[in-house]
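Data block for protein13.cif (mmCIF, C-alpha atoms):
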```cif
data_target
#
loop_
_atom_site.label_atom_id
_atom_site.label_comp_id
_atom_site.auth_asym_id
_atom_site.auth_seq_id
_atom_site.Cartn_x
_atom_site.Cartn_y
_atom_site.Cartn_z
CA MET R 208 76.81 114.90 69.17
CA VAL R 209 80.13 116.23 67.84
CA ALA R 210 82.05 114.25 70.48
CA ALA R 211 80.19 111.01 69.69
CA ILE R 212 80.58 111.40 65.92
CA THR R 213 84.27 112.23 66.28
CA GLY R 214 84.95 109.37 68.69
CA PHE R 215 83.11 106.78 66.62
CA ALA R 216 84.16 107.79 63.11
CA SER R 217 87.82 108.22 63.99
CA SER R 218 88.38 104.74 65.36
CA PHE R 219 85.57 102.26 64.66
CA ALA R 220 87.54 100.90 61.71
CA LEU R 221 90.50 100.29 64.02
CA VAL R 222 88.27 98.38 66.45
CA ILE R 223 86.93 96.11 63.71
CA ALA R 224 90.39 95.53 62.26
CA GLY R 225 91.72 94.74 65.74
CA LEU R 226 88.98 92.23 66.51
CA HIS R 227 89.52 90.55 63.14
CA ALA R 228 93.27 90.40 63.86
CA VAL R 229 92.74 88.23 66.95
CA GLY R 230 90.38 85.83 65.23
CA ALA R 231 86.90 87.37 65.35
CA THR R 232 84.48 86.53 62.56
CA ASP R 233 82.40 89.28 60.95
CA ALA R 234 79.46 88.39 63.20
CA GLN R 235 81.65 88.49 66.32
CA ALA R 236 83.26 91.79 65.27
CA SER R 237 79.80 93.27 64.68
CA SER R 238 78.69 92.05 68.10
CA GLY R 239 81.84 93.50 69.66
CA LEU R 240 81.30 96.93 68.11
CA LEU R 241 77.61 96.89 69.09
CA THR R 242 78.54 95.96 72.67
CA LEU R 243 81.20 98.68 72.88
CA CYS R 244 78.72 101.30 71.66
CA PHE R 245 76.01 100.21 74.09
CA ALA R 246 78.41 99.89 77.04
CA THR R 247 79.78 103.37 76.30
CA ALA R 248 76.25 104.73 76.02
CA ILE R 249 75.03 103.23 79.30
CA LEU R 250 78.06 104.45 81.25
CA CYS R 251 77.82 107.94 79.77
CA ILE R 252 74.11 108.27 80.46
CA VAL R 253 74.07 106.77 83.96
CA LEU R 254 77.22 108.22 85.53
CA ALA R 255 76.82 111.67 84.00
CA ARG R 256 73.27 111.88 85.28
CA VAL R 257 74.05 110.49 88.75
CA TYR R 258 77.05 112.75 89.41
CA ARG R 259 75.86 115.73 87.32
CA MET R 260 79.29 115.90 85.68
CA PRO R 261 80.30 115.31 82.03
CA ILE R 262 81.91 111.96 82.90
CA SER R 263 82.32 110.40 79.48
CA PHE R 264 83.53 107.01 78.32
CA ALA R 265 84.92 105.46 75.17
CA TRP R 266 86.43 102.23 73.96
CA SER R 267 90.17 101.80 74.34
CA THR R 268 91.67 103.06 71.08
CA PRO R 269 95.25 102.12 72.09
CA GLY R 270 93.81 98.76 73.10
CA ALA R 271 92.37 98.27 69.61
CA ALA R 272 95.79 99.10 68.16
CA LEU R 273 97.28 96.51 70.51
CA LEU R 274 94.96 93.86 69.08
CA ILE R 275 96.46 94.43 65.64
CA ALA R 276 99.95 94.19 67.08
CA ALA R 277 98.95 90.95 68.85
CA SER R 278 97.77 89.25 65.68
CA SER R 279 100.85 87.01 65.67
CA THR R 280 100.12 85.92 69.24
CA THR R 281 96.71 84.34 68.74
CA ASN R 282 93.94 83.93 66.20
CA ASN R 283 91.76 82.14 68.74
CA PHE R 284 89.08 84.70 69.55
CA SER R 285 87.91 82.70 72.55
CA ALA R 286 91.37 83.09 74.13
CA ALA R 287 91.36 86.80 73.26
CA VAL R 288 88.00 87.14 75.02
CA GLY R 289 89.49 85.52 78.11
CA ALA R 290 92.28 88.13 78.02
CA PHE R 291 89.68 90.93 77.67
CA MET R 292 87.92 89.61 80.77
CA VAL R 293 91.15 89.56 82.77
CA CYS R 294 91.74 93.19 81.74
CA GLY R 295 88.26 94.12 82.98
CA VAL R 296 88.73 92.36 86.30
CA LEU R 297 92.06 94.16 86.85
CA ILE R 298 90.41 97.52 86.17
CA VAL R 299 87.72 96.68 88.74
CA LEU R 300 90.45 95.77 91.25
CA CYS R 301 92.08 99.16 90.63
CA GLY R 302 88.82 100.77 91.73
CA LEU R 303 88.32 98.53 94.77
CA TRP R 304 91.98 98.33 95.76
CA PRO R 305 93.61 101.74 95.33
CA ALA R 306 97.10 100.30 95.92
CA LEU R 307 96.90 98.47 92.58
CA GLY R 308 95.91 101.65 90.78
CA THR R 309 98.78 103.45 92.46
CA ALA R 310 101.20 100.72 91.34
CA ILE R 311 100.07 101.09 87.73
CA THR R 312 100.48 104.86 87.82
CA ARG R 313 103.99 104.35 89.22
CA ILE R 314 105.13 102.54 86.08
CA PRO R 315 107.54 105.12 84.60
CA ARG R 316 105.63 107.22 82.08
CA SER R 317 108.56 107.01 79.68
CA ILE R 318 108.38 103.18 79.57
CA ALA R 319 104.58 103.00 79.30
CA SER R 320 104.58 105.68 76.59
CA ALA R 321 107.39 103.96 74.69
CA MET R 322 105.43 100.70 74.73
CA LEU R 323 102.35 102.50 73.40
CA ALA R 324 104.45 104.22 70.72
CA GLY R 325 105.86 100.84 69.67
CA ILE R 326 102.34 99.48 69.31
CA LEU R 327 101.21 102.47 67.25
CA PHE R 328 104.28 102.83 65.03
CA PRO R 329 103.60 99.99 62.53
CA ILE R 330 100.00 101.17 62.17
CA CYS R 331 101.09 104.76 61.52
CA LEU R 332 103.33 103.48 58.70
CA ALA R 333 100.26 102.09 56.91
CA PRO R 334 99.32 105.33 55.05
CA VAL R 335 102.71 105.23 53.31
CA SER R 336 102.27 101.59 52.32
CA ALA R 337 98.69 102.21 51.18
CA ILE R 338 99.72 105.07 48.90
CA ILE R 339 102.20 102.75 47.21
CA GLN R 340 99.95 99.68 47.03
CA ILE R 341 96.53 101.21 46.26
CA PRO R 342 97.13 104.86 45.24
CA ALA R 343 93.70 105.35 43.68
CA LEU R 344 92.00 104.67 47.03
CA ALA R 345 94.64 105.91 49.48
CA VAL R 346 95.77 109.22 47.95
CA PRO R 347 92.32 110.91 48.17
CA VAL R 348 92.02 109.76 51.80
CA VAL R 349 95.38 111.24 52.76
CA LEU R 350 94.78 114.48 50.84
CA VAL R 351 91.40 115.07 52.51
CA TRP R 352 92.93 114.34 55.92
CA LEU R 353 95.81 116.73 55.21
CA ALA R 354 93.50 119.52 54.04
CA LEU R 355 91.18 119.30 57.04
CA PHE R 356 94.08 118.85 59.44
CA ARG R 357 94.96 122.44 58.51
CA ILE R 358 91.52 124.05 58.60
CA ALA R 359 89.29 121.78 60.76
CA PRO R 360 91.44 119.25 62.67
CA ARG R 361 88.54 117.79 64.64
CA TRP R 362 86.92 116.56 61.43
CA ALA R 363 90.06 115.41 59.60
CA VAL R 364 89.83 111.71 60.48
CA PRO R 365 86.02 111.36 60.16
CA ALA R 366 86.22 113.01 56.73
CA ALA R 367 89.09 110.72 55.72
CA MET R 368 87.00 107.73 56.80
CA GLY R 369 84.10 109.08 54.76
CA VAL R 370 86.28 109.35 51.66
CA ALA R 371 87.59 105.83 52.29
CA ALA R 372 84.00 104.55 52.55
CA ILE R 373 83.12 106.15 49.23
CA GLY R 374 86.19 104.63 47.62
CA ILE R 375 85.39 101.21 49.06
CA GLY R 376 81.79 101.45 47.87
CA VAL R 377 82.83 102.41 44.34
CA SER R 378 85.55 99.77 44.03
CA ALA R 379 83.53 96.96 45.65
CA GLY R 380 80.31 97.74 43.83
CA SER R 381 77.01 96.81 45.44
CA GLY R 382 77.98 93.24 46.25
CA TRP R 383 78.81 93.92 49.90
CA LEU R 384 75.38 95.49 50.44
CA THR R 385 73.46 92.62 48.84
CA SER R 386 75.54 89.82 50.33
CA SER R 387 73.56 87.19 52.21
CA ALA R 388 76.21 87.39 54.93
CA LEU R 389 75.37 91.02 55.66
CA ASN R 390 73.34 91.55 58.84
CA ILE R 391 71.84 95.03 58.61
CA VAL R 392 70.65 94.71 62.20
CA PRO R 393 73.61 93.57 64.33
CA GLN R 394 73.10 90.79 66.83
CA LEU R 395 74.89 89.98 70.06
CA SER R 396 77.11 86.94 69.62
CA PHE R 397 78.11 85.16 72.84
CA VAL R 398 81.73 83.99 72.94
CA ALA R 399 82.68 81.48 75.63
CA PRO R 400 86.06 82.55 77.01
CA THR R 401 89.11 80.35 77.38
CA PHE R 402 91.96 81.40 79.62
CA ASP R 403 95.33 80.82 77.98
CA TRP R 404 98.10 82.23 80.16
CA LEU R 405 100.26 83.06 77.13
CA VAL R 406 97.48 85.17 75.62
CA ILE R 407 96.72 86.74 79.00
CA VAL R 408 100.37 87.78 79.42
CA SER R 409 100.87 88.98 75.84
CA LEU R 410 97.45 90.56 75.32
CA GLY R 411 95.45 90.88 78.56
CA LEU R 412 98.13 92.53 80.73
CA PRO R 413 99.35 94.98 78.02
CA LEU R 414 95.70 95.82 77.27
CA PHE R 415 95.18 96.61 80.94
CA ILE R 416 98.32 98.77 81.09
CA VAL R 417 97.64 100.81 77.93
CA THR R 418 93.99 101.26 78.93
CA MET R 419 94.93 102.52 82.38
CA ALA R 420 98.02 104.53 81.44
CA GLY R 421 96.86 105.68 78.01
CA GLN R 422 93.17 106.32 78.66
CA ASN R 423 91.96 106.26 82.27
CA VAL R 424 94.77 108.28 83.85
CA PRO R 425 94.70 110.99 81.12
CA GLY R 426 90.91 110.99 81.37
CA PHE R 427 91.04 111.92 85.06
CA VAL R 428 93.61 114.62 84.27
CA VAL R 429 91.47 116.13 81.51
CA MET R 430 88.46 116.31 83.81
CA SER R 431 90.49 117.94 86.58
CA THR R 432 91.76 120.63 84.20
CA PHE R 433 88.16 121.71 83.66
CA GLY R 434 87.47 121.79 87.39
CA TYR R 435 85.77 118.42 87.87
CA SER R 436 86.77 116.07 90.68
CA VAL R 437 85.73 112.69 89.29
CA PRO R 438 85.37 109.89 91.89
CA PRO R 439 87.76 107.15 90.73
CA ARG R 440 86.12 104.15 92.41
CA PRO R 441 82.74 104.19 90.61
CA VAL R 442 84.37 105.09 87.30
CA LEU R 443 86.91 102.26 87.42
CA VAL R 444 84.53 99.67 88.86
CA ALA R 445 81.81 100.51 86.33
CA SER R 446 84.13 100.59 83.30
CA GLY R 447 85.98 97.44 84.44
CA ALA R 448 82.72 95.56 84.96
CA ALA R 449 81.48 96.74 81.55
CA THR R 450 84.74 95.47 80.03
CA ALA R 451 84.52 92.06 81.72
CA ILE R 452 80.85 91.56 80.81
CA GLY R 453 81.19 93.06 77.34
CA ALA R 454 84.07 90.70 76.59
CA LEU R 455 81.58 87.83 76.51
CA PHE R 456 80.06 89.48 73.44
CA GLY R 457 83.31 90.42 71.71
CA ALA R 458 84.14 93.85 73.18
CA HIS R 459 87.76 94.48 74.13
CA ALA R 460 87.78 97.36 76.68
CA VAL R 461 85.82 100.40 77.85
CA ASN R 462 87.45 103.28 79.72
CA LEU R 463 87.20 106.91 80.75
CA ALA R 464 87.36 109.16 77.68
CA ALA R 465 90.20 111.64 77.30
CA ILE R 466 90.15 113.49 73.96
CA THR R 467 86.38 113.51 73.46
CA ALA R 468 85.98 114.30 77.17
CA ALA R 469 87.61 117.67 76.53
CA ILE R 470 84.92 118.47 73.96
CA MET R 471 82.08 117.86 76.41
CA ALA R 472 83.74 119.11 79.61
CA GLY R 473 85.03 122.34 78.08
CA PRO R 474 83.37 125.75 77.72
CA ASP R 475 82.29 125.01 74.12
CA SER R 476 79.78 122.58 75.63
CA HIS R 477 78.13 125.22 77.86
CA THR R 478 79.24 128.36 79.62
CA ASP R 479 77.78 127.00 82.86
CA LYS R 480 79.92 124.02 83.93
CA SER R 481 77.07 122.63 86.03
CA LYS R 482 75.07 121.97 82.84
CA ARG R 483 77.75 120.31 80.71
CA TRP R 484 76.73 116.82 81.84
CA VAL R 485 73.82 117.06 79.38
CA ALA R 486 76.34 116.81 76.52
CA THR R 487 77.63 113.49 77.83
CA VAL R 488 74.12 112.08 78.18
CA THR R 489 73.39 113.19 74.62
CA SER R 490 76.53 111.49 73.33
CA GLY R 491 75.33 108.29 74.98
CA PHE R 492 72.14 108.27 72.94
CA VAL R 493 74.13 108.98 69.76
CA TYR R 494 76.34 105.96 70.52
CA ILE R 495 73.23 103.79 70.70
CA ALA R 496 72.35 104.88 67.16
CA PHE R 497 75.86 104.10 65.97
CA GLY R 498 75.72 100.68 67.63
CA LEU R 499 72.67 99.79 65.58
CA ALA R 500 74.74 100.43 62.43
CA ALA R 501 77.53 98.07 63.52
CA GLY R 502 76.53 95.37 61.01
CA VAL R 503 76.83 97.72 58.06
CA ALA R 504 80.12 99.10 59.41
CA VAL R 505 81.66 95.62 59.65
CA ALA R 506 80.45 94.72 56.15
CA LEU R 507 82.01 97.90 54.77
CA ILE R 508 85.33 97.23 56.48
CA SER R 509 85.30 93.60 55.33
CA ALA R 510 84.85 94.76 51.70
CA SER R 511 87.88 97.03 51.96
CA PRO R 512 91.52 96.22 51.26
CA PRO R 513 92.92 95.71 54.79
CA ILE R 514 95.78 98.15 54.19
CA LEU R 515 93.30 100.99 53.51
CA ILE R 516 91.54 100.55 56.85
CA THR R 517 94.86 100.34 58.66
CA ALA R 518 95.93 103.51 56.82
CA VAL R 519 92.88 105.43 58.09
CA ALA R 520 93.62 104.12 61.58
CA GLY R 521 97.22 105.25 61.18
CA LEU R 522 96.09 108.79 60.36
CA ALA R 523 93.82 108.75 63.43
CA LEU R 524 96.68 107.61 65.67
CA LEU R 525 99.40 110.01 64.48
CA GLY R 526 98.65 112.44 67.31
CA ALA R 527 98.81 109.66 69.89
CA LEU R 528 102.11 108.44 68.42
CA VAL R 529 103.67 111.89 68.60
CA SER R 530 102.45 112.40 72.16
CA SER R 531 103.75 108.99 73.23
CA LEU R 532 107.17 109.55 71.68
CA ALA R 533 107.46 112.99 73.25
CA THR R 534 106.64 111.60 76.69
CA ALA R 535 108.98 108.64 76.21
CA ILE R 536 112.05 110.85 75.63
CA ASP R 537 111.04 113.70 77.92
CA GLU R 538 113.32 112.58 80.76
CA VAL R 539 116.93 112.34 79.61
CA SER R 540 117.93 109.54 82.01
CA HIS R 541 115.08 107.33 80.74
CA ARG R 542 115.76 107.71 77.01
CA ILE R 543 117.79 104.52 76.47
CA PRO R 544 115.31 102.26 78.36
CA ALA R 545 112.46 103.97 76.52
CA ALA R 546 114.19 103.47 73.17
CA ALA R 547 114.71 99.78 73.95
CA THR R 548 111.05 99.42 74.92
CA PHE R 549 109.95 101.13 71.72
CA LEU R 550 112.20 99.05 69.45
CA VAL R 551 111.30 95.69 71.00
CA THR R 552 107.57 96.48 70.95
CA ALA R 553 107.63 97.83 67.38
CA SER R 554 109.55 94.76 66.18
CA GLY R 555 106.46 92.58 66.62
CA VAL R 556 108.52 89.65 67.87
CA SER R 557 106.83 86.80 69.66
CA VAL R 558 108.93 84.70 72.07
CA VAL R 559 107.51 81.49 73.59
CA GLY R 560 104.12 82.63 72.34
CA ILE R 561 104.21 85.94 74.22
CA GLY R 562 103.86 89.12 72.14
CA SER R 563 106.24 92.04 71.76
CA ALA R 564 104.33 94.50 73.98
CA PHE R 565 105.12 92.45 77.07
CA TRP R 566 108.76 91.93 76.09
CA GLY R 567 109.20 95.60 75.31
CA LEU R 568 107.90 96.56 78.75
CA LEU R 569 110.11 93.94 80.42
CA VAL R 570 113.29 94.89 78.53
CA GLY R 571 112.79 98.59 79.20
CA ALA R 572 112.20 97.98 82.90
CA LEU R 573 115.30 95.77 83.22
CA ILE R 574 117.51 98.32 81.48
CA MET R 575 116.13 101.08 83.68
CA LEU R 576 116.79 99.05 86.84
CA TRP R 577 120.31 98.18 85.68
CA ALA R 578 121.10 101.83 84.88
CA ALA R 579 119.90 102.88 88.33
CA SER R 580 121.72 100.06 90.17
CA PRO R 581 124.60 101.11 92.43
CA TRP R 582 126.57 97.98 91.44
CA PRO R 583 129.19 97.80 90.06
CA ARG R 584 130.31 101.12 91.49
CA ARG R 585 132.44 103.41 89.40
CA ARG R 586 136.01 103.87 90.54
CA ALA R 587 136.87 107.22 92.00
#
```
Could you render the structure as structure tokens?
Amino acid sequence: MVAAITGFASSFALVIAGLHAVGATDAQASSGLLTLCFATAILCIVLARVYRMPISFAWSTPGAALLIAASSTTNNFSAAVGAFMVCGVLIVLCGLWPALGTAITRIPRSIASAMLAGILFPICLAPVSAIIQIPALAVPVVLVWLALFRIAPRWAVPAAMGVAAIGIGVSAGSGWLTSSALNIVPQLSFVAPTFDWLVIVSLGLPLFIVTMAGQNVPGFVVMSTFGYSVPPRPVLVASGAATAIGALFGAHAVNLAAITAAIMAGPDSHTDKSKRWVATVTSGFVYIAFGLAAGVAVALISASPPILITAVAGLALLGALVSSLATAIDEVSHRIPAAATFLVTASGVSVVGIGSAFWGLLVGALIMLWAASPWPRRRA
């Protein structure tokens, strides 16, 4: 239950903001959040029970951050859905064709991490902007996060989101609860995909890379540190299929959990590692309950100043930003390519309709190849 509450409360606002950024309506964002919760629940319940291991899943938090960064690329949600589907198909192929998975893992960690850091950086600046623009709402959020970061880090972001919700409710009054547009019970909203190659390149491929490199690969590592050998094929095929199917109802990506996986796979879950799978099954049922509240969650976020929601997301992603930056500069010879990747990605530029995440990855790779090239040779 702790893992599910932490996973949901720390990033559901980011998911909704990301879906809105690429053109989703409130109804479509509600459907997307509901689908993500149900897909996560089904995967957690089924795979944990079949393999008797705490194999846990989550939505792609870096992927949701990418959606915000891709807002300048498209506001056509149908095209975004097509990109989500491509991401899901590629994840399935990684499970069925191990060579593709190996190729993704061979992307230099410094470049992939720098791209992720560039995606996260503008979002992590939002708390500063929010304090300046709306101090009455933002300062209490930041102070609560800072206090709990010291004494109870696991609950810092959920508590900050709770304070933000109270502030939104007070400032917005009861209008958002009585609005005729509010659907207390969320409904699935089918979105017919369109496949725009520009959106696929600028959104679908980066979403695939950050989901694999930022979520799935660390997820396997976390499980191995607790002594679990997770079979990659069923995990990747199942999560990729869930992503491709869920995209039709507004969901962006589902993947192997990493941070919350450590909660359920660790000794705090149970002293007997053979019984820890029960925690993952339990989290699945909690996600179902959260999915049923998706309509209220979207209405709350829609009633909020956008900068406040982005600020909460920025607080939630600070740890990921620090980790990404540390990995990006870990290897001295890769620091300049990583810096170039970070700067281009963080700039938010869009060239010929393709977003900055793709260009950042391309520029970093080219600089790395040039630096490693034997030509022109230095004179003796």
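Distance check against Thr247 in chain R using only C-alpha atoms: of R:Val299, R:Met419, R:Ile262, R:Leu221, the minimum falls on R:Ile262.
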Just say which residues the PyMOL selection byres ((chain R and resi 454) around 9) picks in this file, as an NGL selection string. :R and (239 or 242 or 287-292 or 295 or 397-398 or 400 or 449-453 or 455-460)
List as JSON, numbers by chain the protein and nucleic acid residues near Ile338 in chain R, meaning an atom at most 12 Å away when all atoms listed in the file are counted, but skip any in the same chain fewer than 3 places from it. {"R": [332, 333, 334, 335, 341, 342, 343, 344, 345, 346, 347, 348, 349, 350, 514, 515, 517, 518, 519]}
Neighbouring residues of range 524-534 of chain R were defined as those with any atom within 8 Å, considering all atoms listed in the file; residues of the same chain fewer than 2 positions away were excluded. Please report them as number ranges by chain. R: 316-317, 320-321, 323-324, 327-328, 331, 520-522, 536-538
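Applied to this file, the PyMOL selection byres ((chain R and resi 259) around 9) selects Leu254, Ala255, Arg256, Val257, Tyr258, Met260, Pro261, Ile262, Ser481, Lys482, Arg483, Trp484 and Val485 of chain R.
Proximity of R:Leu303, R:Val442, R:Val406, R:Ala220 to Val461 in chain R, computed with only C-alpha atoms, is greatest for R:Val442.
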By how many Å are CA of Val539 in chain R and CA of Pro413 in chain R apart? 24.8 Å
Near Leu573 in chain R, within 12 Å and counting only C-alpha atoms, which residues show up once chain neighbours fewer than 3 positions away are dropped, as a ChimeraX atom specification? /R:318,541,543-545,547-548,566-570,576-580
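Closest approach to Leu226 in chain R from the set R:Trp362, R:Phe284, R:Trp404, R:Phe245 is made by R:Phe284, with distances taken over only C-alpha atoms.
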Straight-line distance linking CA of Ser267 in chain R with CA of Trp352 in chain R, stated in Å to one decimal: 22.5 Å
For the structure provided, state which residues fall under the PyMOL selection byres ((chain R and resi 508-513) around 9), and present them as a PyMOL selection string. chain R and resi 220+223-224+233+341+371-372+374-376+378-379+382-383+503-507+514-518
Generate the output file for the selected residues, C-alpha atoms, as a PDB file, keeping the file's coordinate frame.
```
ATOM      1  CA  ALA R 220      87.540 100.900  61.710  1.00  0.00           C
ATOM      2  CA  ILE R 223      86.930  96.110  63.710  1.00  0.00           C
ATOM      3  CA  ALA R 224      90.390  95.530  62.260  1.00  0.00           C
ATOM      4  CA  ASP R 233      82.400  89.280  60.950  1.00  0.00           C
ATOM      5  CA  ILE R 341      96.530 101.210  46.260  1.00  0.00           C
ATOM      6  CA  ALA R 371      87.590 105.830  52.290  1.00  0.00           C
ATOM      7  CA  ALA R 372      84.000 104.550  52.550  1.00  0.00           C
ATOM      8  CA  GLY R 374      86.190 104.630  47.620  1.00  0.00           C
ATOM      9  CA  ILE R 375      85.390 101.210  49.060  1.00  0.00           C
ATOM     10  CA  GLY R 376      81.790 101.450  47.870  1.00  0.00           C
ATOM     11  CA  SER R 378      85.550  99.770  44.030  1.00  0.00           C
ATOM     12  CA  ALA R 379      83.530  96.960  45.650  1.00  0.00           C
ATOM     13  CA  GLY R 382      77.980  93.240  46.250  1.00  0.00           C
ATOM     14  CA  TRP R 383      78.810  93.920  49.900  1.00  0.00           C
ATOM     15  CA  VAL R 503      76.830  97.720  58.060  1.00  0.00           C
ATOM     16  CA  ALA R 504      80.120  99.100  59.410  1.00  0.00           C
ATOM     17  CA  VAL R 505      81.660  95.620  59.650  1.00  0.00           C
ATOM     18  CA  ALA R 506      80.450  94.720  56.150  1.00  0.00           C
ATOM     19  CA  LEU R 507      82.010  97.900  54.770  1.00  0.00           C
ATOM     20  CA  ILE R 514      95.780  98.150  54.190  1.00  0.00           C
ATOM     21  CA  LEU R 515      93.300 100.990  53.510  1.00  0.00           C
ATOM     22  CA  ILE R 516      91.540 100.550  56.850  1.00  0.00           C
ATOM     23  CA  THR R 517      94.860 100.340  58.660  1.00  0.00           C
ATOM     24  CA  ALA R 518      95.930 103.510  56.820  1.00  0.00           C
TER      25      ALA R 518
END
```
